[in-house]
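Undergrad: Dropping the structure in here first, questions after.
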Amino acid sequence: MKNLSNITLSLAVLSVFALSSGQAMAEHGKISGSAALSYSKQEASAAPSAGGHMLVSGELTGSNKNTGGTDFMSDANVDNREVGQLFQGNGPHTGYYTMSKDGNTTTALWKGDVSTVLADDGSPRTSFKGTWEYVAGTGKYSGIQGKGKYNGYFTSKTTYTVDWNGEYSLK
């Protein structure tokens, strides 16, 4: 009986040590947010002799606001780099979306489609949607994995709002 209680105690001590050293701990969950972003750099280049075809690129900054029940990257700074190949305001786009807070970062590669329609007053209404996946993280988000979806819309020629949701895990 004494040997059995020593073995049980030893297993309990090892379990506590493994948990406290982080080897057996994992973090994961559903996340969502919204950001209002503004262009700090915006370029468009028309394809020669191909009316309506444009290569666009931009750099945007803003702040993330959580819309879910977690504190994941709440009020984090956002840096978004994007490239699009558009024909009359429609086509594929891709980029990197980096959130940073307190020296920790997450970077997601995103890709999707841009859609532009004319409103009744003749003004363009541009929206976009697609998917994202984490490709890097630093600090407490080192080794982050996850993916999700996004959608957004332009609020002016130099600003847009993007809503995102998904799941992540840390090991």
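How things are named: the first chain in the structure tokens is A, the next is B, and so on; residues count from 1 in each chain; ligands count from 1 in the order shown.
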If we count only C-alpha atoms, what is near Tyr168 of chain A at a cut-off of 6 Å, once residues fewer than 3 positions away on the same chain are taken out, given as number ranges by chain?

TA: A: 28-29, 145-146

Undergrad: Selected residues, C-alpha atoms, written as a CSV table (one decimal), in the first residue's frame, please.

TA:
chain,number,residue,atom,x,y,z
A,28,HIS,CA,-7.3,27.7,-28.3
A,29,GLY,CA,-10.7,29.2,-29.1
A,145,GLN,CA,-2.1,28.4,-35.8
A,146,GLY,CA,-5.6,29.2,-37.0

Undergrad: Identify, on the basis of only C-alpha atoms, every residue whose closest approach to Ser115 of chain A does not exceed 6 Å; exclude the query and any residue fewer than 5 positions from it along the same chain; express the result as a list in words.

TA: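 After dropping sequence-adjacent residues, the list is Asn90, Thr126, Ser127 and Phe128 of chain A.
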
Undergrad: Excluding segment 136-138 of chain A and any residue of its chain fewer than 2 positions from it, enumerate the residues within 8 Å of it, using only C-alpha atoms, and give them as a VMD selection string.

TA: chain A and resid 103 to 108 134 140 to 144

Undergrad: Could you tell me, as a tab-separated table (two decimals) with C-alpha atoms, in the first residue's frame, which residues of chain A DSSP assigns to strand (DSSP E) when given the backbone?

TA:
chain	number	residue	atom	x	y	z
A	27	GLU	CA	-4.66	27.56	-25.60
A	28	HIS	CA	-7.35	27.66	-28.27
A	29	GLY	CA	-10.70	29.15	-29.07
A	30	LYS	CA	-13.00	31.06	-31.31
A	31	ILE	CA	-12.07	34.69	-32.02
A	32	SER	CA	-13.62	37.60	-33.88
A	33	GLY	CA	-13.01	41.28	-34.40
A	34	SER	CA	-13.56	44.38	-36.47
A	35	ALA	CA	-11.19	47.10	-37.62
A	36	ALA	CA	-11.56	50.47	-39.29
A	37	LEU	CA	-8.46	50.87	-41.47
A	38	SER	CA	-7.02	53.89	-43.28
A	39	TYR	CA	-4.55	53.92	-46.14
A	40	SER	CA	-1.11	55.32	-45.34
A	41	LYS	CA	0.01	54.36	-48.87
A	42	GLN	CA	-2.19	53.60	-51.86
A	43	GLU	CA	-1.13	52.96	-55.47
A	44	ALA	CA	-2.93	51.95	-58.64
A	45	SER	CA	-1.35	51.13	-61.98
A	46	ALA	CA	-3.37	50.60	-65.14
A	53	HIS	CA	-7.49	46.40	-65.73
A	54	MET	CA	-5.58	47.67	-62.69
A	55	LEU	CA	-2.91	46.45	-60.32
A	56	VAL	CA	-3.53	48.05	-56.91
A	57	SER	CA	-1.48	47.95	-53.72
A	58	GLY	CA	-1.80	49.53	-50.35
A	59	GLU	CA	-0.64	49.81	-46.77
A	60	LEU	CA	-3.25	50.44	-44.08
A	61	THR	CA	-3.27	50.96	-40.33
A	62	GLY	CA	-5.97	50.90	-37.69
A	63	SER	CA	-7.07	49.28	-34.45
A	64	ASN	CA	-8.75	45.92	-33.77
A	65	LYS	CA	-11.94	45.82	-31.70
A	66	ASN	CA	-13.06	42.44	-30.38
A	77	ASN	CA	-2.68	47.91	-33.59
A	78	VAL	CA	-3.34	46.62	-37.11
A	79	ASP	CA	-1.01	46.83	-40.12
A	80	ASN	CA	-2.42	45.51	-43.39
A	81	ARG	CA	-0.48	45.12	-46.66
A	82	GLU	CA	-2.50	44.29	-49.77
A	83	VAL	CA	-2.32	43.70	-53.52
A	84	GLY	CA	-5.23	43.33	-55.94
A	85	GLN	CA	-5.68	42.58	-59.63
A	86	LEU	CA	-8.92	44.30	-60.56
A	87	PHE	CA	-11.00	44.70	-63.70
A	91	GLY	CA	-11.17	40.66	-58.90
A	92	PRO	CA	-8.85	38.82	-56.54
A	93	HIS	CA	-6.89	40.43	-53.72
A	94	THR	CA	-4.43	39.13	-51.13
A	95	GLY	CA	-2.22	40.38	-48.34
A	96	TYR	CA	-0.89	40.14	-44.81
A	97	TYR	CA	-2.83	41.33	-41.74
A	98	THR	CA	-0.65	41.87	-38.65
A	99	MET	CA	-1.99	42.68	-35.20
A	100	SER	CA	0.41	43.82	-32.45
A	101	LYS	CA	-0.08	44.50	-28.76
A	104	ASN	CA	3.22	40.31	-29.21
A	105	THR	CA	2.15	39.89	-32.86
A	106	THR	CA	0.03	37.68	-35.08
A	107	THR	CA	0.27	37.70	-38.87
A	108	ALA	CA	-2.35	36.19	-41.16
A	109	LEU	CA	-2.14	35.64	-44.90
A	110	TRP	CA	-5.53	36.45	-46.41
A	111	LYS	CA	-7.02	36.11	-49.89
A	112	GLY	CA	-10.39	36.75	-51.41
A	113	ASP	CA	-12.37	38.77	-53.92
A	114	VAL	CA	-13.32	42.40	-54.38
A	115	SER	CA	-16.73	43.31	-55.77
A	116	THR	CA	-17.81	46.76	-56.97
A	117	VAL	CA	-21.36	47.68	-57.96
A	118	LEU	CA	-22.89	51.03	-58.84
A	124	PRO	CA	-19.30	52.82	-56.65
A	125	ARG	CA	-19.96	50.52	-53.67
A	126	THR	CA	-16.96	48.27	-53.05
A	127	SER	CA	-16.98	45.26	-50.74
A	128	PHE	CA	-14.75	42.23	-50.28
A	129	LYS	CA	-14.66	38.82	-48.61
A	130	GLY	CA	-12.37	35.82	-48.27
A	131	THR	CA	-10.40	33.59	-45.95
A	132	TRP	CA	-7.32	34.00	-43.75
A	133	GLU	CA	-4.76	31.73	-42.07
A	134	TYR	CA	-2.07	32.51	-39.49
A	135	VAL	CA	1.47	32.28	-40.86
A	136	ALA	CA	3.45	33.75	-37.94
A	137	GLY	CA	3.32	34.98	-34.38
A	138	THR	CA	5.77	36.44	-31.87
A	145	GLN	CA	-2.13	28.37	-35.81
A	146	GLY	CA	-5.61	29.19	-36.99
A	147	LYS	CA	-7.85	30.27	-39.82
A	148	GLY	CA	-11.12	31.96	-40.56
A	149	LYS	CA	-13.12	34.28	-42.79
A	150	TYR	CA	-13.39	38.03	-43.34
A	151	ASN	CA	-15.67	40.50	-45.09
A	152	GLY	CA	-15.61	44.25	-45.40
A	153	TYR	CA	-16.63	47.36	-47.24
A	154	PHE	CA	-15.19	50.75	-48.17
A	159	THR	CA	-10.85	53.88	-45.50
A	160	TYR	CA	-12.63	50.59	-45.03
A	161	THR	CA	-14.05	48.39	-42.30
A	162	VAL	CA	-13.20	44.69	-42.10
A	163	ASP	CA	-14.95	42.12	-39.87
A	164	TRP	CA	-13.24	38.79	-39.22
A	165	ASN	CA	-13.82	35.56	-37.31
A	166	GLY	CA	-12.17	32.20	-36.89
A	167	GLU	CA	-10.34	29.90	-34.53
A	168	TYR	CA	-6.78	29.70	-33.20
A	169	SER	CA	-4.58	27.42	-31.14
A	170	LEU	CA	-1.27	27.71	-29.32

Undergrad: What separation in Å, quoted to one decimal, exists between atom CA of Gly139 of chain A and atom CA of Asp75 of chain A?

TA: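 About the pair atom CA of Gly139 of chain A and atom CA of Asp75 of chain A: they are 16.9 Å apart.
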
Undergrad: Could you pull out the alpha helix (DSSP H) residues of segment 14-170 of chain A, going by DSSP on the backbone, and write them as number ranges by chain?

TA: A: 14-20

Undergrad: Output all heavy atoms for every residue in that selection, as a compact mmCIF listing (two decimals), in the first residue's frame.

TA:
# COMPACT_ATOMS: atom_id res chain seq x y z
N LEU A 14 4.72 14.85 -10.97
CA LEU A 14 5.12 14.96 -12.37
C LEU A 14 4.08 15.68 -13.21
O LEU A 14 4.41 16.49 -14.08
CB LEU A 14 5.40 13.57 -12.96
CG LEU A 14 6.69 12.90 -12.51
CD1 LEU A 14 6.75 11.47 -13.03
CD2 LEU A 14 7.89 13.68 -12.97
N SER A 15 2.81 15.41 -12.97
CA SER A 15 1.73 16.07 -13.72
C SER A 15 1.73 17.56 -13.46
O SER A 15 1.60 18.37 -14.37
CB SER A 15 0.37 15.48 -13.34
OG SER A 15 0.31 14.14 -13.73
N VAL A 16 1.88 17.95 -12.20
CA VAL A 16 1.92 19.38 -11.85
C VAL A 16 3.12 20.04 -12.48
O VAL A 16 3.04 21.13 -13.04
CB VAL A 16 1.92 19.57 -10.31
CG1 VAL A 16 2.24 21.01 -9.94
CG2 VAL A 16 0.58 19.15 -9.73
N PHE A 17 4.29 19.36 -12.45
CA PHE A 17 5.49 19.92 -13.06
C PHE A 17 5.30 20.12 -14.57
O PHE A 17 5.65 21.15 -15.11
CB PHE A 17 6.70 19.02 -12.80
CG PHE A 17 7.95 19.52 -13.47
CD1 PHE A 17 8.62 20.63 -12.98
CD2 PHE A 17 8.43 18.91 -14.61
CE1 PHE A 17 9.75 21.11 -13.61
CE2 PHE A 17 9.56 19.38 -15.25
CZ PHE A 17 10.23 20.49 -14.74
N ALA A 18 4.74 19.14 -15.24
CA ALA A 18 4.53 19.24 -16.69
C ALA A 18 3.58 20.37 -17.02
O ALA A 18 3.81 21.14 -17.95
CB ALA A 18 4.00 17.92 -17.25
N LEU A 19 2.51 20.52 -16.25
CA LEU A 19 1.56 21.61 -16.50
C LEU A 19 2.19 22.97 -16.23
O LEU A 19 2.02 23.90 -16.99
CB LEU A 19 0.30 21.43 -15.63
CG LEU A 19 -0.65 20.33 -16.07
CD1 LEU A 19 -1.74 20.14 -15.03
CD2 LEU A 19 -1.25 20.64 -17.42
N SER A 20 2.95 23.08 -15.15
CA SER A 20 3.53 24.38 -14.81
C SER A 20 4.65 24.77 -15.75
O SER A 20 4.94 25.93 -15.93
CB SER A 20 4.02 24.38 -13.36
OG SER A 20 5.09 23.47 -13.21
